[in-house]
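So this one's input28.txt, compact mmCIF, C-alpha atoms:
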```
# COMPACT_ATOMS: atom_id res chain seq x y z
CA TYR A 1 1.06 2.59 33.72
CA VAL A 2 -2.66 3.15 33.38
CA ILE A 3 -5.43 0.54 33.29
CA LEU A 4 -8.54 1.18 31.19
CA GLU A 5 -11.70 -0.76 30.45
CA CYS A 6 -13.08 -0.33 26.96
CA GLY A 7 -15.49 -2.02 24.61
CA SER A 8 -19.06 -3.07 25.14
CA VAL A 9 -18.83 -3.57 28.91
CA ALA A 10 -17.43 -0.04 29.39
CA ARG A 11 -20.02 1.40 26.97
CA GLY A 12 -22.89 -0.45 28.62
CA ASP A 13 -24.05 -2.33 25.52
CA ALA A 14 -22.62 -5.77 26.33
CA ASN A 15 -24.48 -8.92 25.35
CA LYS A 16 -24.29 -12.48 26.71
CA ASN A 17 -21.21 -13.19 24.58
CA SER A 18 -19.32 -9.99 25.38
CA ASP A 19 -16.03 -10.14 27.14
CA LYS A 20 -14.42 -7.53 29.33
CA ASP A 21 -11.77 -5.57 27.42
CA VAL A 22 -8.98 -4.26 29.62
CA VAL A 23 -6.02 -2.28 28.31
CA CYS A 24 -2.80 -1.36 30.07
CA ILE A 25 -0.65 1.41 28.60
CA TRP A 26 2.79 1.69 30.12
CA ARG A 27 5.99 3.66 29.79
CA GLY A 28 9.42 3.10 31.26
CA GLU A 29 9.59 0.05 33.48
CA LYS A 30 7.33 -2.81 32.45
CA PRO A 31 4.15 -3.05 34.54
CA PRO A 32 3.52 -5.94 36.96
CA PHE A 33 1.88 -8.25 34.40
CA ASN A 34 0.90 -10.99 36.86
CA TYR A 35 -0.61 -8.56 39.37
CA ILE A 36 -2.63 -6.82 36.64
CA TYR A 37 -3.80 -10.16 35.25
CA GLU A 38 -4.86 -11.38 38.71
CA LYS A 39 -6.72 -8.14 39.47
CA TYR A 40 -8.33 -7.40 36.06
CA GLY A 41 -8.21 -10.65 34.09
CA GLU A 42 -7.20 -10.81 30.44
CA THR A 43 -5.45 -7.55 29.61
CA SER A 44 -3.91 -6.15 26.43
CA PHE A 45 -0.61 -4.41 27.11
CA TYR A 46 0.69 -1.53 24.96
CA SER A 47 3.89 0.37 25.54
CA LEU A 48 3.73 4.13 25.13
CA SER A 49 5.98 3.85 22.06
CA CYS A 50 3.50 1.38 20.52
CA ILE A 51 0.63 3.82 21.18
CA LYS A 52 2.63 6.59 19.50
CA LYS A 53 3.18 4.36 16.44
CA MET A 54 -0.58 3.74 16.33
CA ARG A 55 -1.11 7.52 16.34
CA ASP A 56 1.28 7.92 13.41
CA LYS A 57 -0.58 5.24 11.43
CA GLY A 58 -4.01 6.70 12.19
CA SER A 59 -5.37 3.93 14.38
CA LEU A 60 -9.04 4.34 15.21
CA PHE A 61 -8.33 2.14 18.24
CA LEU A 62 -6.94 5.24 19.95
CA THR A 63 -10.12 7.16 19.16
CA HIS A 64 -12.06 4.19 20.54
CA LEU A 65 -10.05 4.47 23.77
CA ASP A 66 -10.75 8.20 23.87
CA VAL A 67 -14.49 7.82 23.26
CA ASP A 68 -15.32 4.64 25.14
CA SER A 69 -12.72 3.79 27.77
CA LYS A 70 -13.21 4.01 31.50
CA TYR A 71 -10.31 4.69 33.83
CA LEU A 72 -9.69 1.87 36.30
CA ALA A 73 -6.30 2.64 37.87
CA GLY A 74 -2.86 4.12 37.40
CA ASP A 75 -1.23 7.21 35.96
CA THR A 76 -3.92 9.34 34.30
CA ARG A 77 -1.25 11.38 32.50
CA LEU A 78 -0.81 8.47 30.06
CA ILE A 79 -4.37 9.04 28.84
CA ASN A 80 -3.21 12.33 27.30
CA VAL A 81 -1.48 10.44 24.48
CA PHE A 82 -4.89 9.64 22.94
CA ARG A 83 -7.19 12.23 24.53
CA GLY A 84 -9.04 14.01 21.70
CA TYR A 85 -7.26 11.92 19.04
CA ARG A 86 -8.95 11.75 15.66
CA PRO A 87 -6.88 10.37 12.77
CA ALA A 88 -6.36 12.33 9.58
CA LYS A 89 -8.86 11.56 6.83
CA HIS A 90 -6.21 10.13 4.48
CA LEU A 91 -5.11 7.65 7.17
CA ILE A 92 -8.69 6.45 7.73
CA GLU A 93 -9.12 6.12 3.96
CA ARG A 94 -5.92 4.04 3.80
CA THR A 95 -7.17 1.76 6.57
CA LEU A 96 -10.51 1.36 4.80
CA LEU A 97 -8.81 0.51 1.49
CA ASP A 98 -6.45 -1.96 3.20
CA THR A 99 -9.45 -3.66 4.84
CA ILE A 100 -11.37 -3.88 1.56
CA ASN A 101 -8.28 -5.30 -0.17
CA PHE A 102 -7.86 -7.83 2.63
CA ILE A 103 -11.45 -9.02 2.23
CA SER A 104 -11.05 -9.33 -1.55
CA GLU A 105 -7.98 -11.54 -1.05
CA ILE A 106 -9.95 -14.25 0.76
CA ILE A 107 -10.31 -16.83 -1.98
CA TRP A 108 -10.52 -20.05 -0.01
CA PHE A 109 -11.45 -21.32 3.43
CA PRO A 110 -11.80 -24.87 4.77
CA ASP A 111 -15.04 -26.57 3.71
CA SER A 112 -16.11 -27.41 7.24
CA LEU A 113 -18.11 -25.91 10.07
CA HIS A 114 -14.84 -24.76 11.64
CA GLY A 115 -13.84 -23.13 8.34
CA TYR A 116 -17.22 -21.42 8.06
CA TYR A 117 -16.89 -20.04 11.59
CA TRP A 118 -13.35 -18.86 10.82
CA LEU A 119 -14.63 -17.03 7.75
CA CYS A 120 -17.41 -15.40 9.76
CA ASP A 121 -14.87 -14.28 12.38
CA VAL A 122 -12.64 -12.69 9.74
CA LEU A 123 -15.56 -11.12 7.87
CA TYR A 124 -17.12 -9.75 11.05
CA VAL A 125 -13.94 -8.00 12.16
CA SER A 126 -13.23 -6.71 8.64
CA LEU A 127 -16.74 -5.49 7.86
CA ARG A 128 -17.05 -3.91 11.30
CA ASN A 129 -13.79 -2.08 10.60
CA CYS A 130 -15.20 -0.82 7.28
CA ILE A 131 -18.30 0.50 9.05
CA PHE A 132 -16.19 2.21 11.73
CA CYS A 133 -13.94 3.79 9.07
CA ILE A 134 -16.80 5.07 6.92
CA ASN A 135 -18.57 6.45 9.98
CA ALA A 136 -15.33 8.15 11.07
CA LEU A 137 -14.89 9.68 7.61
CA ASN A 138 -18.32 11.23 8.20
CA GLY A 139 -17.30 12.55 11.62
CA ARG A 140 -19.12 9.82 13.57
CA TYR A 141 -16.81 8.08 16.03
CA LEU A 142 -18.98 5.22 17.24
CA PHE A 143 -17.63 1.85 18.30
CA GLY A 144 -20.72 0.01 19.48
CA PHE A 145 -21.46 -2.43 16.67
CA GLU A 146 -25.24 -2.14 16.54
CA GLU A 147 -25.27 1.63 16.93
CA SER A 148 -22.58 1.94 14.24
CA MET A 149 -24.67 -0.11 11.81
CA ARG A 150 -27.81 1.96 12.43
CA VAL A 151 -25.95 5.25 11.94
CA PHE A 152 -24.07 3.92 8.88
CA PRO A 153 -26.95 3.25 7.85
CA LEU A 154 -27.58 -0.39 7.07
CA SER A 155 -31.03 -1.78 6.32
CA ALA A 156 -32.76 -3.94 8.89
CA LYS A 157 -32.03 -6.98 6.70
CA ASP A 158 -28.31 -6.14 6.44
CA ILE A 159 -28.12 -5.55 10.20
CA SER A 160 -29.72 -8.96 10.74
CA ILE A 161 -27.13 -10.59 8.45
CA MET A 162 -24.28 -8.83 10.26
CA LEU A 163 -25.64 -9.97 13.63
CA HIS A 164 -25.76 -13.55 12.34
CA ILE A 165 -22.14 -13.24 11.21
CA ARG A 166 -21.27 -11.97 14.69
CA GLU A 167 -23.02 -14.98 16.27
CA ALA A 168 -20.92 -17.31 14.10
CA LYS A 169 -17.82 -15.38 15.18
CA TYR A 170 -18.76 -16.04 18.79
CA ALA A 171 -19.11 -19.74 17.99
CA TYR A 172 -15.63 -19.75 16.46
CA ARG A 173 -13.97 -18.00 19.37
```

Let's see the structure in the file written out as structure tokens.
Amino acid sequence: YVILECGSVARGDANKNSDKDVVCIWRGEKPPFNYIYEKYGETSFYSLSCIKKMRDKGSLFLTHLDVDSKYLAGDTRLINVFRGYRPAKHLIERTLLDTINFISEIIWFPDSLHGYYWLCDVLYVSLRNCIFCINALNGRYLFGFEESMRVFPLSAKDISIMLHIREAKYAYR
């Protein structure tokens, strides 16, 4: 197995609400989950076969790992499964369309503060995914939220709105 840190902490653009994103990719025998949890904290575990399925579907998550992750421990050969990975354009377009369709299907949410925060959480993740996809279609593989919005480009007002949505997402989680 290999242990990687990714996300805002690894990129160096963390904020007060950022968490540490740790990923374990493993093949063969399952890794020592408890040991990894005790040493690195919350960790997302992906089998090598799962990573290969992500490749086949065009997951930008693998590009994110390639661009932003930092090696922490383990078998560096497992990094080769996503090293240099950039999904085919038609797969990114499909992901973008699926995300847009998902957003358009939201027709109701609970009329409460909790419901509002839930909606902001869902919208943040979805809209961020749209930005990442459109940037990737233009050959820009950026996964820092604020940098991605500036490069997109969004206006200062739209960036401010997106940052407010992100703050509500933090409140929900």

Shell of 10 Å around Lys70 of chain A, all atoms listed in the file, local chain residues under 4 positions omitted, as a compact mmCIF listing (two decimals) with C-alpha atoms, in the coordinates of the input:
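Listed below is the output, selection_20.txt:
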```txt
# COMPACT_ATOMS: atom_id res chain seq x y z
CA ILE A 3 -5.43 0.54 33.29
CA LEU A 4 -8.54 1.18 31.19
CA GLU A 5 -11.70 -0.76 30.45
CA CYS A 6 -13.08 -0.33 26.96
CA GLY A 7 -15.49 -2.02 24.61
CA VAL A 9 -18.83 -3.57 28.91
CA ALA A 10 -17.43 -0.04 29.39
CA ARG A 11 -20.02 1.40 26.97
CA VAL A 22 -8.98 -4.26 29.62
CA LEU A 65 -10.05 4.47 23.77
CA ASP A 66 -10.75 8.20 23.87
```

Problem set entry | Option closest in space to Ser8 of chain A, from A:Phe61, A:Tyr172, A:Tyr40, A:Phe145 [counting only C-alpha atoms] | A:Phe145

Exercise. Rounded to one decimal in Å, what is the spacing between atom CA of Ser126 of chain A and atom CA of Phe109 of chain A?
Worked result: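 Taking atom CA of Ser126 of chain A and atom CA of Phe109 of chain A, their separation equals 15.6 Å.
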
Excluding Tyr124 of chain A and any residue of its chain fewer than 6 positions from it, enumerate the residues within 8 Å of it, using only C-alpha atoms, and give them as a short mmCIF file (atom, residue, chain, number, x, y, z; two decimals) with C-alpha atoms, in the frame of the given file.
```cif
data_model
loop_
_atom_site.label_atom_id
_atom_site.label_comp_id
_atom_site.auth_asym_id
_atom_site.auth_seq_id
_atom_site.Cartn_x
_atom_site.Cartn_y
_atom_site.Cartn_z
CA MET A 162 -24.28 -8.83 10.26
CA ILE A 165 -22.14 -13.24 11.21
CA ARG A 166 -21.27 -11.97 14.69
CA LYS A 169 -17.82 -15.38 15.18
#
```

8 Å per side around segment 76-84 of chain A: axis-aligned box centre and edge lengths, as lines of an AutoDock Vina configuration file:
```
center_x = -4.9
center_y = 11.2
center_z = 28.0
size_x = 24.2
size_y = 21.5
size_z = 28.6
```

For this session: Could you jot down the atom CA of Ser155 of chain A to atom CA of Leu91 of chain A separation for me, Å, one decimal place?
Result: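 Interatomic distance here is 27.6 Å.
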
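The gap separating atom CA of Phe143 of chain A from atom CA of Arg128 of chain A is 9.1 Å, in Å to one decimal.
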
Exercise. Which residues, written as an MDAnalysis selection string, have at least one atom at most 9 Å from Arg83 of chain A, with all atoms listed in the file counted and residues fewer than 2 positions away on the same chain left out?
Worked result: chainID A and resid 62:63 65:67 79:81 85

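Minimum atom-to-atom distances from A:Ala88, A:Leu163, A:Leu48, A:Ile36 to Cys120 of chain A were compared using all atoms listed in the file, and the lowest value belongs to A:Leu163.
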
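Counting only C-alpha atoms, the residue from A:His64, A:His164, A:His114, A:His90 that sits nearest to Tyr141 of chain A is A:His64.
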
Exercise. Using all atoms listed in the file, which of A:Ile92, A:Ile106, A:Glu167, A:Ile159 sits nearest Asn15 of chain A?
Worked result: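 Looking only at the distances to Asn15 of chain A, the closest residue turns out to be A:Glu167.
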
Exercise. For Cys133 of chain A, which of A:Gly12, A:Pro87, A:Pro31, A:Gly115 is the closest residue, counting all atoms listed in the file?
Worked result: A:Pro87

List the spatial neighbours of Leu123 of chain A as a tab-separated table (two decimals) with C-alpha atoms, in the frame of the given file - criterion: any atom at most 8 Å away, only C-alpha atoms, same-chain residues fewer than 4 positions off excluded.
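File produced: out.tsv:
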```tsv
chain	number	residue	atom	x	y	z
A	103	ILE	CA	-11.45	-9.02	2.23
A	119	LEU	CA	-14.63	-17.03	7.75
A	127	LEU	CA	-16.74	-5.49	7.86
A	165	ILE	CA	-22.14	-13.24	11.21
```

Problem set entry | Shortest interatomic distance to Leu60 of chain A - which of A:Leu137, A:Leu78, A:Ile100, A:Ala14, counting all atoms listed in the file |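 Closest to Leu60 of chain A of all the choices is A:Leu137.
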
Exercise. What lies within 7 Å of Cys24 of chain A using all atoms listed in the file, ignoring chain neighbours under 5 positions off, as number ranges by chain?
Worked result: A: 1-4, 43-46

Could those selected residues go to a file with C-alpha atoms, as a tab-separated table (two decimals), keeping the file's coordinate frame?
```
chain	number	residue	atom	x	y	z
A	1	TYR	CA	1.06	2.59	33.72
A	2	VAL	CA	-2.66	3.15	33.38
A	3	ILE	CA	-5.43	0.54	33.29
A	4	LEU	CA	-8.54	1.18	31.19
A	43	THR	CA	-5.45	-7.55	29.61
A	44	SER	CA	-3.91	-6.15	26.43
A	45	PHE	CA	-0.61	-4.41	27.11
A	46	TYR	CA	0.69	-1.53	24.96
```
